[in-house]
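So this block is protein-v3.cif, mmCIF, N, CA, C and O atoms:
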```cif
data_run
loop_
_atom_site.label_atom_id
_atom_site.label_comp_id
_atom_site.auth_asym_id
_atom_site.auth_seq_id
_atom_site.Cartn_x
_atom_site.Cartn_y
_atom_site.Cartn_z
N MET A 1 -27.82 -0.40 -12.01
CA MET A 1 -27.92 -0.91 -10.66
C MET A 1 -26.50 -1.18 -10.14
O MET A 1 -25.72 -1.87 -10.80
N PRO A 2 -26.15 -0.66 -8.99
CA PRO A 2 -24.79 -0.85 -8.47
C PRO A 2 -24.53 -2.29 -8.01
O PRO A 2 -25.44 -3.00 -7.61
N LEU A 3 -23.27 -2.67 -8.11
CA LEU A 3 -22.87 -3.99 -7.59
C LEU A 3 -22.81 -3.92 -6.08
O LEU A 3 -22.28 -2.96 -5.53
N ASN A 4 -23.34 -4.93 -5.42
CA ASN A 4 -23.19 -5.01 -3.98
C ASN A 4 -22.15 -6.09 -3.66
O ASN A 4 -21.58 -6.70 -4.56
N LYS A 5 -21.90 -6.31 -2.39
CA LYS A 5 -20.86 -7.25 -1.99
C LYS A 5 -21.13 -8.65 -2.54
O LYS A 5 -20.22 -9.33 -3.03
N SER A 6 -22.38 -9.11 -2.50
CA SER A 6 -22.71 -10.45 -3.00
C SER A 6 -22.41 -10.57 -4.50
O SER A 6 -21.91 -11.60 -4.96
N ASP A 7 -22.73 -9.51 -5.24
CA ASP A 7 -22.45 -9.50 -6.68
C ASP A 7 -20.94 -9.57 -6.94
O ASP A 7 -20.49 -10.29 -7.84
N ILE A 8 -20.19 -8.80 -6.18
CA ILE A 8 -18.73 -8.78 -6.35
C ILE A 8 -18.15 -10.15 -6.02
O ILE A 8 -17.30 -10.67 -6.75
N VAL A 9 -18.61 -10.76 -4.93
CA VAL A 9 -18.13 -12.09 -4.55
C VAL A 9 -18.44 -13.09 -5.66
O VAL A 9 -17.58 -13.90 -6.04
N ALA A 10 -19.63 -13.04 -6.22
CA ALA A 10 -20.01 -13.96 -7.30
C ALA A 10 -19.14 -13.76 -8.53
O ALA A 10 -18.70 -14.73 -9.17
N GLU A 11 -18.84 -12.50 -8.88
CA GLU A 11 -17.99 -12.20 -10.04
C GLU A 11 -16.56 -12.68 -9.81
O GLU A 11 -15.93 -13.25 -10.71
N ILE A 12 -16.03 -12.45 -8.61
CA ILE A 12 -14.68 -12.91 -8.30
C ILE A 12 -14.61 -14.43 -8.38
O ILE A 12 -13.68 -15.00 -8.95
N ALA A 13 -15.62 -15.10 -7.83
CA ALA A 13 -15.65 -16.56 -7.86
C ALA A 13 -15.69 -17.07 -9.30
O ALA A 13 -14.97 -18.00 -9.67
N ALA A 14 -16.52 -16.45 -10.12
CA ALA A 14 -16.66 -16.90 -11.51
C ALA A 14 -15.37 -16.66 -12.31
O ALA A 14 -14.96 -17.50 -13.10
N LYS A 15 -14.71 -15.54 -12.11
CA LYS A 15 -13.52 -15.20 -12.89
C LYS A 15 -12.25 -15.88 -12.39
O LYS A 15 -11.30 -16.03 -13.14
N SER A 16 -12.24 -16.29 -11.12
CA SER A 16 -11.01 -16.85 -10.56
C SER A 16 -11.07 -18.37 -10.36
O SER A 16 -10.04 -18.99 -10.12
N GLY A 17 -12.26 -18.93 -10.43
CA GLY A 17 -12.39 -20.37 -10.18
C GLY A 17 -12.46 -20.71 -8.70
O GLY A 17 -12.45 -21.87 -8.32
N LEU A 18 -12.52 -19.69 -7.86
CA LEU A 18 -12.67 -19.91 -6.42
C LEU A 18 -14.12 -20.22 -6.09
O LEU A 18 -15.02 -19.88 -6.86
N THR A 19 -14.32 -20.83 -4.93
CA THR A 19 -15.70 -20.97 -4.46
C THR A 19 -16.16 -19.60 -3.97
O THR A 19 -15.35 -18.71 -3.71
N LYS A 20 -17.48 -19.45 -3.84
CA LYS A 20 -17.99 -18.17 -3.33
C LYS A 20 -17.48 -17.91 -1.92
O LYS A 20 -17.19 -16.77 -1.57
N ALA A 21 -17.36 -18.95 -1.11
CA ALA A 21 -16.86 -18.78 0.26
C ALA A 21 -15.42 -18.30 0.25
O ALA A 21 -15.05 -17.40 1.02
N ASP A 22 -14.59 -18.88 -0.63
CA ASP A 22 -13.19 -18.46 -0.72
C ASP A 22 -13.08 -17.04 -1.29
O ASP A 22 -12.25 -16.25 -0.83
N ALA A 23 -13.93 -16.71 -2.26
CA ALA A 23 -13.91 -15.37 -2.83
C ALA A 23 -14.33 -14.34 -1.79
O ALA A 23 -13.73 -13.25 -1.70
N GLU A 24 -15.32 -14.68 -0.98
CA GLU A 24 -15.75 -13.76 0.08
C GLU A 24 -14.66 -13.59 1.13
O GLU A 24 -14.41 -12.49 1.61
N ALA A 25 -13.98 -14.69 1.47
CA ALA A 25 -12.88 -14.61 2.44
C ALA A 25 -11.76 -13.72 1.90
O ALA A 25 -11.19 -12.91 2.64
N ALA A 26 -11.46 -13.84 0.61
CA ALA A 26 -10.42 -13.01 0.00
C ALA A 26 -10.84 -11.54 -0.01
O ALA A 26 -10.03 -10.65 0.30
N LEU A 27 -12.09 -11.25 -0.34
CA LEU A 27 -12.58 -9.88 -0.35
C LEU A 27 -12.56 -9.29 1.06
O LEU A 27 -12.16 -8.14 1.25
N ASN A 28 -12.97 -10.07 2.04
CA ASN A 28 -12.94 -9.62 3.43
C ASN A 28 -11.51 -9.34 3.89
O ASN A 28 -11.26 -8.37 4.60
N ALA A 29 -10.58 -10.21 3.49
CA ALA A 29 -9.17 -10.00 3.85
C ALA A 29 -8.64 -8.73 3.21
O ALA A 29 -7.92 -7.95 3.85
N PHE A 30 -9.00 -8.49 1.94
CA PHE A 30 -8.59 -7.26 1.26
C PHE A 30 -9.13 -6.04 2.01
O PHE A 30 -8.41 -5.06 2.24
N ALA A 31 -10.39 -6.09 2.38
CA ALA A 31 -11.00 -4.97 3.12
C ALA A 31 -10.28 -4.73 4.44
O ALA A 31 -10.01 -3.59 4.81
N ASP A 32 -9.94 -5.81 5.16
CA ASP A 32 -9.22 -5.69 6.43
C ASP A 32 -7.86 -5.03 6.23
O ASP A 32 -7.47 -4.15 7.00
N VAL A 33 -7.13 -5.47 5.22
CA VAL A 33 -5.80 -4.90 4.93
C VAL A 33 -5.93 -3.43 4.59
O VAL A 33 -5.17 -2.59 5.08
N LEU A 34 -6.90 -3.09 3.77
CA LEU A 34 -7.12 -1.70 3.37
C LEU A 34 -7.45 -0.82 4.58
O LEU A 34 -6.84 0.24 4.78
N ILE A 35 -8.35 -1.27 5.41
CA ILE A 35 -8.76 -0.51 6.59
C ILE A 35 -7.60 -0.36 7.58
O ILE A 35 -7.36 0.74 8.09
N GLU A 36 -6.87 -1.43 7.83
CA GLU A 36 -5.73 -1.36 8.76
C GLU A 36 -4.65 -0.42 8.24
O GLU A 36 -4.10 0.38 8.99
N SER A 37 -4.35 -0.50 6.96
CA SER A 37 -3.29 0.33 6.38
C SER A 37 -3.66 1.81 6.42
O SER A 37 -2.86 2.64 6.84
N VAL A 38 -4.87 2.13 6.01
CA VAL A 38 -5.30 3.53 6.02
C VAL A 38 -5.38 4.03 7.46
O VAL A 38 -5.01 5.17 7.74
N GLY A 39 -5.82 3.18 8.36
CA GLY A 39 -5.87 3.55 9.78
C GLY A 39 -4.51 3.90 10.35
O GLY A 39 -4.40 4.76 11.23
N LYS A 40 -3.47 3.25 9.86
CA LYS A 40 -2.10 3.53 10.31
C LYS A 40 -1.48 4.71 9.56
O LYS A 40 -0.36 5.10 9.85
N GLY A 41 -2.18 5.22 8.55
CA GLY A 41 -1.65 6.32 7.76
C GLY A 41 -0.80 5.87 6.58
O GLY A 41 -0.13 6.69 5.96
N GLU A 42 -0.83 4.59 6.27
CA GLU A 42 -0.07 4.06 5.13
C GLU A 42 -0.94 4.11 3.88
O GLU A 42 -2.04 3.58 3.87
N PRO A 43 -0.46 4.75 2.80
CA PRO A 43 -1.26 4.76 1.57
C PRO A 43 -1.31 3.38 0.93
O PRO A 43 -0.38 2.57 1.09
N VAL A 44 -2.40 3.10 0.25
CA VAL A 44 -2.57 1.83 -0.46
C VAL A 44 -2.72 2.17 -1.94
O VAL A 44 -3.57 2.99 -2.31
N LYS A 45 -1.90 1.56 -2.79
CA LYS A 45 -1.96 1.84 -4.22
C LYS A 45 -2.06 0.54 -5.00
O LYS A 45 -1.23 -0.34 -4.85
N LEU A 46 -3.09 0.43 -5.81
CA LEU A 46 -3.23 -0.67 -6.75
C LEU A 46 -3.06 -0.03 -8.12
O LEU A 46 -4.00 0.58 -8.66
N THR A 47 -1.87 -0.13 -8.67
CA THR A 47 -1.53 0.55 -9.90
C THR A 47 -2.56 0.28 -10.99
O THR A 47 -2.90 -0.86 -11.26
N GLY A 48 -3.05 1.35 -11.57
CA GLY A 48 -4.04 1.27 -12.62
C GLY A 48 -5.47 1.32 -12.11
O GLY A 48 -6.36 1.75 -12.84
N LEU A 49 -5.70 0.89 -10.88
CA LEU A 49 -7.07 0.88 -10.35
C LEU A 49 -7.36 2.10 -9.49
O LEU A 49 -8.19 2.92 -9.82
N PHE A 50 -6.69 2.17 -8.34
CA PHE A 50 -6.94 3.30 -7.45
C PHE A 50 -5.86 3.39 -6.39
O PHE A 50 -5.06 2.49 -6.21
N SER A 51 -5.86 4.53 -5.71
CA SER A 51 -5.02 4.70 -4.53
C SER A 51 -5.88 5.30 -3.44
O SER A 51 -6.82 6.05 -3.71
N VAL A 52 -5.57 4.92 -2.22
CA VAL A 52 -6.31 5.38 -1.05
C VAL A 52 -5.30 5.88 -0.04
O VAL A 52 -4.30 5.21 0.22
N GLU A 53 -5.55 7.06 0.52
CA GLU A 53 -4.66 7.56 1.55
C GLU A 53 -5.43 8.36 2.58
O GLU A 53 -6.49 8.90 2.29
N ARG A 54 -4.88 8.38 3.79
CA ARG A 54 -5.47 9.17 4.87
C ARG A 54 -4.94 10.59 4.74
O ARG A 54 -3.76 10.81 4.50
N ILE A 55 -5.84 11.56 4.87
CA ILE A 55 -5.43 12.95 4.81
C ILE A 55 -5.76 13.61 6.15
O ILE A 55 -6.63 13.16 6.88
N THR A 56 -5.02 14.66 6.46
CA THR A 56 -5.24 15.41 7.68
C THR A 56 -6.06 16.64 7.35
O THR A 56 -5.77 17.37 6.41
N ARG A 57 -7.08 16.87 8.12
CA ARG A 57 -7.90 18.06 7.96
C ARG A 57 -7.61 19.01 9.11
O ARG A 57 -7.65 18.62 10.27
N ALA A 58 -7.32 20.24 8.78
CA ALA A 58 -7.01 21.25 9.79
C ALA A 58 -8.29 21.66 10.53
O ALA A 58 -9.40 21.53 10.01
N ALA A 59 -8.10 22.17 11.74
CA ALA A 59 -9.23 22.72 12.48
C ALA A 59 -9.75 23.94 11.71
O ALA A 59 -8.99 24.63 11.04
N ARG A 60 -11.04 24.16 11.79
CA ARG A 60 -11.63 25.27 11.06
C ARG A 60 -12.89 25.76 11.75
O ARG A 60 -13.42 25.09 12.63
N THR A 61 -13.34 26.90 11.32
CA THR A 61 -14.57 27.47 11.85
C THR A 61 -15.70 27.17 10.87
O THR A 61 -15.57 27.39 9.67
N GLY A 62 -16.78 26.65 11.40
CA GLY A 62 -17.95 26.35 10.57
C GLY A 62 -19.15 27.14 11.06
O GLY A 62 -19.05 27.96 11.97
N ARG A 63 -20.28 26.90 10.45
CA ARG A 63 -21.52 27.57 10.83
C ARG A 63 -22.64 26.56 10.94
O ARG A 63 -22.77 25.68 10.11
N ASN A 64 -23.44 26.72 11.97
CA ASN A 64 -24.64 25.91 12.12
C ASN A 64 -25.63 26.41 11.06
O ASN A 64 -25.99 27.58 11.05
N PRO A 65 -26.07 25.55 10.13
CA PRO A 65 -26.94 26.02 9.05
C PRO A 65 -28.31 26.53 9.54
O PRO A 65 -28.93 27.35 8.89
N ARG A 66 -28.76 26.06 10.67
CA ARG A 66 -30.06 26.50 11.18
C ARG A 66 -29.99 27.86 11.85
O ARG A 66 -30.84 28.72 11.64
N THR A 67 -28.98 28.03 12.71
CA THR A 67 -28.92 29.25 13.51
C THR A 67 -27.92 30.27 12.98
O THR A 67 -27.96 31.42 13.36
N GLY A 68 -27.00 29.81 12.14
CA GLY A 68 -25.96 30.71 11.65
C GLY A 68 -24.84 30.91 12.66
O GLY A 68 -23.89 31.64 12.41
N GLU A 69 -24.95 30.25 13.81
CA GLU A 69 -23.95 30.39 14.87
C GLU A 69 -22.62 29.77 14.43
O GLU A 69 -22.60 28.70 13.83
N LYS A 70 -21.52 30.45 14.75
CA LYS A 70 -20.19 29.92 14.43
C LYS A 70 -19.85 28.82 15.42
O LYS A 70 -20.22 28.87 16.58
N LEU A 71 -19.13 27.80 14.91
CA LEU A 71 -18.65 26.74 15.78
C LEU A 71 -17.30 26.27 15.29
O LEU A 71 -16.98 26.37 14.11
N GLU A 72 -16.50 25.80 16.22
CA GLU A 72 -15.16 25.32 15.89
C GLU A 72 -15.22 23.83 15.55
O GLU A 72 -15.74 23.03 16.33
N ILE A 73 -14.68 23.48 14.41
CA ILE A 73 -14.60 22.08 13.98
C ILE A 73 -13.17 21.65 14.24
O ILE A 73 -12.23 22.25 13.71
N PRO A 74 -12.97 20.62 15.08
CA PRO A 74 -11.60 20.22 15.41
C PRO A 74 -10.87 19.57 14.23
O PRO A 74 -11.50 19.10 13.28
N ALA A 75 -9.55 19.54 14.31
CA ALA A 75 -8.74 18.86 13.31
C ALA A 75 -9.08 17.37 13.33
O ALA A 75 -9.51 16.84 14.35
N GLY A 76 -8.89 16.73 12.21
CA GLY A 76 -9.20 15.30 12.14
C GLY A 76 -8.62 14.69 10.88
O GLY A 76 -7.74 15.27 10.24
N PHE A 77 -9.11 13.53 10.54
CA PHE A 77 -8.62 12.80 9.38
C PHE A 77 -9.77 12.52 8.41
O PHE A 77 -10.92 12.43 8.80
N GLY A 78 -9.41 12.37 7.15
CA GLY A 78 -10.35 11.98 6.11
C GLY A 78 -9.66 10.96 5.22
O GLY A 78 -8.51 10.59 5.45
N VAL A 79 -10.36 10.51 4.20
CA VAL A 79 -9.81 9.53 3.26
C VAL A 79 -9.91 10.10 1.86
O VAL A 79 -10.95 10.63 1.47
N LYS A 80 -8.82 10.00 1.10
CA LYS A 80 -8.80 10.45 -0.28
C LYS A 80 -8.64 9.22 -1.17
O LYS A 80 -7.71 8.44 -0.99
N ILE A 81 -9.55 9.06 -2.11
CA ILE A 81 -9.50 7.94 -3.06
C ILE A 81 -9.32 8.53 -4.45
O ILE A 81 -10.11 9.39 -4.86
N SER A 82 -8.30 8.08 -5.15
CA SER A 82 -8.03 8.56 -6.50
C SER A 82 -8.11 7.39 -7.48
O SER A 82 -7.54 6.33 -7.23
N ALA A 83 -8.81 7.61 -8.57
CA ALA A 83 -8.94 6.57 -9.60
C ALA A 83 -7.66 6.47 -10.41
O ALA A 83 -7.03 7.48 -10.71
N GLY A 84 -7.27 5.25 -10.75
CA GLY A 84 -6.11 5.01 -11.58
C GLY A 84 -6.48 5.04 -13.06
O GLY A 84 -7.65 5.18 -13.43
N ALA A 85 -5.47 4.91 -13.93
CA ALA A 85 -5.66 5.03 -15.36
C ALA A 85 -6.66 4.00 -15.92
O ALA A 85 -7.51 4.33 -16.75
N LEU A 86 -6.56 2.76 -15.47
CA LEU A 86 -7.48 1.73 -16.00
C LEU A 86 -8.92 2.01 -15.60
O LEU A 86 -9.85 1.81 -16.39
N LEU A 87 -9.11 2.47 -14.38
CA LEU A 87 -10.45 2.78 -13.90
C LEU A 87 -11.01 3.99 -14.64
O LEU A 87 -12.18 4.00 -15.04
N LYS A 88 -10.18 5.00 -14.85
CA LYS A 88 -10.62 6.18 -15.60
C LYS A 88 -10.99 5.80 -17.03
O LYS A 88 -11.98 6.27 -17.58
N LYS A 89 -10.17 4.95 -17.65
CA LYS A 89 -10.42 4.52 -19.03
C LYS A 89 -11.75 3.75 -19.12
O LYS A 89 -12.52 3.92 -20.06
N ALA A 90 -12.03 2.91 -18.13
CA ALA A 90 -13.28 2.14 -18.12
C ALA A 90 -14.50 3.05 -17.97
O ALA A 90 -15.56 2.75 -18.51
N ALA A 91 -14.32 4.17 -17.28
CA ALA A 91 -15.45 5.08 -17.05
C ALA A 91 -15.87 5.80 -18.32
O ALA A 91 -17.03 6.16 -18.46
N VAL A 92 -14.96 6.00 -19.26
CA VAL A 92 -15.30 6.73 -20.47
C VAL A 92 -15.60 5.79 -21.65
O VAL A 92 -15.99 6.25 -22.71
N ALA A 93 -15.40 4.51 -21.43
CA ALA A 93 -15.63 3.55 -22.52
C ALA A 93 -17.09 3.28 -22.73
O ALA A 93 -17.94 3.47 -21.95
#
```
Any chance you could put this one into structure tokens?
Amino acid sequence: MPLNKSDIVAEIAAKSGLTKADAEAALNAFADVLIESVGKGEPVKLTGLFSVERITRAARTGRNPRTGEKLEIPAGFGVKISAGALLKKAAVA
């Protein structure tokens, strides 16, 4: 069963000695910093855990799966998330 935000807040509170309200405020602040940084195009790296960066996607031609009609997909942005060494190690343990 995946961890949801409430579970993460409870775990942070238990491991850090913070109240659940303070842990949730810290998690929300982290999310805000991450979103703002990626939105500005600044990569975010937490050594050992993960890195997040905004990538540019070129314009391309796609196909409507129902009709097979060609359509132009405009250039845009995406997000690339890469797992760090500690996260990779935890996945195989």
Looking only at strand (DSSP E or B) from DSSP on the backbone, list the matching residues of region 1-75 of chain A as a PyMOL selection string.
-> chain A and resi 44-46+50-57+60-63+70-73
Mind dumping the selected residues with N, CA, C and O atoms as a PDB file, in the coordinates of the input?
```
ATOM      1  N   VAL A  44      -2.400   3.100   0.250  1.00  0.00           N
ATOM      2  CA  VAL A  44      -2.570   1.830  -0.460  1.00  0.00           C
ATOM      3  C   VAL A  44      -2.720   2.170  -1.940  1.00  0.00           C
ATOM      4  O   VAL A  44      -3.570   2.990  -2.310  1.00  0.00           O
ATOM      5  N   LYS A  45      -1.900   1.560  -2.790  1.00  0.00           N
ATOM      6  CA  LYS A  45      -1.960   1.840  -4.220  1.00  0.00           C
ATOM      7  C   LYS A  45      -2.060   0.540  -5.000  1.00  0.00           C
ATOM      8  O   LYS A  45      -1.230  -0.340  -4.850  1.00  0.00           O
ATOM      9  N   LEU A  46      -3.090   0.430  -5.810  1.00  0.00           N
ATOM     10  CA  LEU A  46      -3.230  -0.670  -6.750  1.00  0.00           C
ATOM     11  C   LEU A  46      -3.060  -0.030  -8.120  1.00  0.00           C
ATOM     12  O   LEU A  46      -4.000   0.580  -8.660  1.00  0.00           O
ATOM     13  N   PHE A  50      -6.690   2.170  -8.340  1.00  0.00           N
ATOM     14  CA  PHE A  50      -6.940   3.300  -7.450  1.00  0.00           C
ATOM     15  C   PHE A  50      -5.860   3.390  -6.390  1.00  0.00           C
ATOM     16  O   PHE A  50      -5.060   2.490  -6.210  1.00  0.00           O
ATOM     17  N   SER A  51      -5.860   4.530  -5.710  1.00  0.00           N
ATOM     18  CA  SER A  51      -5.020   4.700  -4.530  1.00  0.00           C
ATOM     19  C   SER A  51      -5.880   5.300  -3.440  1.00  0.00           C
ATOM     20  O   SER A  51      -6.820   6.050  -3.710  1.00  0.00           O
ATOM     21  N   VAL A  52      -5.570   4.920  -2.220  1.00  0.00           N
ATOM     22  CA  VAL A  52      -6.310   5.380  -1.050  1.00  0.00           C
ATOM     23  C   VAL A  52      -5.300   5.880  -0.040  1.00  0.00           C
ATOM     24  O   VAL A  52      -4.300   5.210   0.220  1.00  0.00           O
ATOM     25  N   GLU A  53      -5.550   7.060   0.520  1.00  0.00           N
ATOM     26  CA  GLU A  53      -4.660   7.560   1.550  1.00  0.00           C
ATOM     27  C   GLU A  53      -5.430   8.360   2.580  1.00  0.00           C
ATOM     28  O   GLU A  53      -6.490   8.900   2.290  1.00  0.00           O
ATOM     29  N   ARG A  54      -4.880   8.380   3.790  1.00  0.00           N
ATOM     30  CA  ARG A  54      -5.470   9.170   4.870  1.00  0.00           C
ATOM     31  C   ARG A  54      -4.940  10.590   4.740  1.00  0.00           C
ATOM     32  O   ARG A  54      -3.760  10.810   4.500  1.00  0.00           O
ATOM     33  N   ILE A  55      -5.840  11.560   4.870  1.00  0.00           N
ATOM     34  CA  ILE A  55      -5.430  12.950   4.810  1.00  0.00           C
ATOM     35  C   ILE A  55      -5.760  13.610   6.150  1.00  0.00           C
ATOM     36  O   ILE A  55      -6.630  13.160   6.880  1.00  0.00           O
ATOM     37  N   THR A  56      -5.020  14.660   6.460  1.00  0.00           N
ATOM     38  CA  THR A  56      -5.240  15.410   7.680  1.00  0.00           C
ATOM     39  C   THR A  56      -6.060  16.640   7.350  1.00  0.00           C
ATOM     40  O   THR A  56      -5.770  17.370   6.410  1.00  0.00           O
ATOM     41  N   ARG A  57      -7.080  16.870   8.120  1.00  0.00           N
ATOM     42  CA  ARG A  57      -7.900  18.060   7.960  1.00  0.00           C
ATOM     43  C   ARG A  57      -7.610  19.010   9.110  1.00  0.00           C
ATOM     44  O   ARG A  57      -7.650  18.620  10.270  1.00  0.00           O
ATOM     45  N   ARG A  60     -11.040  24.160  11.790  1.00  0.00           N
ATOM     46  CA  ARG A  60     -11.630  25.270  11.060  1.00  0.00           C
ATOM     47  C   ARG A  60     -12.890  25.760  11.750  1.00  0.00           C
ATOM     48  O   ARG A  60     -13.420  25.090  12.630  1.00  0.00           O
ATOM     49  N   THR A  61     -13.340  26.900  11.320  1.00  0.00           N
ATOM     50  CA  THR A  61     -14.570  27.470  11.850  1.00  0.00           C
ATOM     51  C   THR A  61     -15.700  27.170  10.870  1.00  0.00           C
ATOM     52  O   THR A  61     -15.570  27.390   9.670  1.00  0.00           O
ATOM     53  N   GLY A  62     -16.780  26.650  11.400  1.00  0.00           N
ATOM     54  CA  GLY A  62     -17.950  26.350  10.570  1.00  0.00           C
ATOM     55  C   GLY A  62     -19.150  27.140  11.060  1.00  0.00           C
ATOM     56  O   GLY A  62     -19.050  27.960  11.970  1.00  0.00           O
ATOM     57  N   ARG A  63     -20.280  26.900  10.450  1.00  0.00           N
ATOM     58  CA  ARG A  63     -21.520  27.570  10.830  1.00  0.00           C
ATOM     59  C   ARG A  63     -22.640  26.560  10.940  1.00  0.00           C
ATOM     60  O   ARG A  63     -22.770  25.680  10.110  1.00  0.00           O
ATOM     61  N   LYS A  70     -21.520  30.450  14.750  1.00  0.00           N
ATOM     62  CA  LYS A  70     -20.190  29.920  14.430  1.00  0.00           C
ATOM     63  C   LYS A  70     -19.850  28.820  15.420  1.00  0.00           C
ATOM     64  O   LYS A  70     -20.220  28.870  16.580  1.00  0.00           O
ATOM     65  N   LEU A  71     -19.130  27.800  14.910  1.00  0.00           N
ATOM     66  CA  LEU A  71     -18.650  26.740  15.780  1.00  0.00           C
ATOM     67  C   LEU A  71     -17.300  26.270  15.290  1.00  0.00           C
ATOM     68  O   LEU A  71     -16.980  26.370  14.110  1.00  0.00           O
ATOM     69  N   GLU A  72     -16.500  25.800  16.220  1.00  0.00           N
ATOM     70  CA  GLU A  72     -15.160  25.320  15.890  1.00  0.00           C
ATOM     71  C   GLU A  72     -15.220  23.830  15.550  1.00  0.00           C
ATOM     72  O   GLU A  72     -15.740  23.030  16.330  1.00  0.00           O
ATOM     73  N   ILE A  73     -14.680  23.480  14.410  1.00  0.00           N
ATOM     74  CA  ILE A  73     -14.600  22.080  13.980  1.00  0.00           C
ATOM     75  C   ILE A  73     -13.170  21.650  14.240  1.00  0.00           C
ATOM     76  O   ILE A  73     -12.230  22.250  13.710  1.00  0.00           O
TER      77      ILE A  73
END
```
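For region 1-9 of chain A, the residues within 8 Å (counting only N, CA, C and O atoms, excluding itself and residues fewer than 5 positions away along the chain) are Ala14, Lys15, Ser16, Leu18, Thr19, Lys20, Ala21, Asp22, Ala23, Glu24, Ala25 and Leu27 of chain A.
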Skip region 40-54 of chain A itself and residues of its chain fewer than 5 positions away, then list as a ChimeraX atom specification all residues within 5 Å of it, counting only N, CA, C and O atoms.
-> /A:35,78-87
Atom pair atom N of Lys88 (chain A) + atom C of Gly76 (chain A), distance 27.5 Å
When you draw a straight line from atom N of Ile73 (chain A) to CA of Arg57 (chain A), how long is it in Å?
->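 Computing it gives 10.8 Å between the two atoms.
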Just need the box for region 42-59 of chain A, edges along x, y and z, holding every atom the file lists for it with 5 Å tacked onto each side, so centre and edge lengths in Å to one decimal, as JSON.
```
{"center_x": -4.9, "center_y": 11.9, "center_z": -0.2, "size_x": 19.7, "size_y": 35.5, "size_z": 35.3}
```
Quick one: pull the distance between atom N of Ala26 (chain A) and atom O of Ala90 (chain A), Å, one decimal.
-> 25.6 Å
Alpha helix (DSSP H) positions in chain A, given as a count of residues only | 41
Model the absent atoms of region 20-25 of chain A so that all heavy atoms are present, and write the result as a compact mmCIF listing (two decimals), keeping the file's coordinate frame.
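Saved to selection_13.txt:
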```txt
# COMPACT_ATOMS: atom_id res chain seq x y z
N LYS A 20 -17.48 -19.45 -3.84
CA LYS A 20 -17.99 -18.17 -3.33
C LYS A 20 -17.48 -17.91 -1.92
O LYS A 20 -17.19 -16.77 -1.57
CB LYS A 20 -19.51 -18.14 -3.38
CG LYS A 20 -20.05 -17.94 -4.77
CD LYS A 20 -21.55 -17.76 -4.75
CE LYS A 20 -22.08 -17.53 -6.16
NZ LYS A 20 -23.53 -17.36 -6.19
N ALA A 21 -17.36 -18.95 -1.11
CA ALA A 21 -16.86 -18.78 0.26
C ALA A 21 -15.42 -18.30 0.25
O ALA A 21 -15.05 -17.40 1.02
CB ALA A 21 -16.98 -20.09 1.03
N ASP A 22 -14.59 -18.88 -0.63
CA ASP A 22 -13.19 -18.46 -0.72
C ASP A 22 -13.08 -17.04 -1.29
O ASP A 22 -12.25 -16.25 -0.83
CB ASP A 22 -12.39 -19.42 -1.60
CG ASP A 22 -12.15 -20.76 -0.93
OD1 ASP A 22 -12.28 -20.85 0.31
OD2 ASP A 22 -11.82 -21.72 -1.66
N ALA A 23 -13.93 -16.71 -2.26
CA ALA A 23 -13.91 -15.37 -2.83
C ALA A 23 -14.33 -14.34 -1.79
O ALA A 23 -13.73 -13.25 -1.70
CB ALA A 23 -14.84 -15.30 -4.04
N GLU A 24 -15.32 -14.68 -0.98
CA GLU A 24 -15.75 -13.76 0.08
C GLU A 24 -14.66 -13.59 1.13
O GLU A 24 -14.41 -12.49 1.61
CB GLU A 24 -17.05 -14.22 0.73
CG GLU A 24 -17.56 -13.23 1.77
CD GLU A 24 -18.96 -13.53 2.26
OE1 GLU A 24 -19.49 -14.61 1.96
OE2 GLU A 24 -19.51 -12.65 2.94
N ALA A 25 -13.98 -14.69 1.47
CA ALA A 25 -12.88 -14.61 2.44
C ALA A 25 -11.76 -13.72 1.90
O ALA A 25 -11.19 -12.91 2.64
CB ALA A 25 -12.35 -16.01 2.75
```
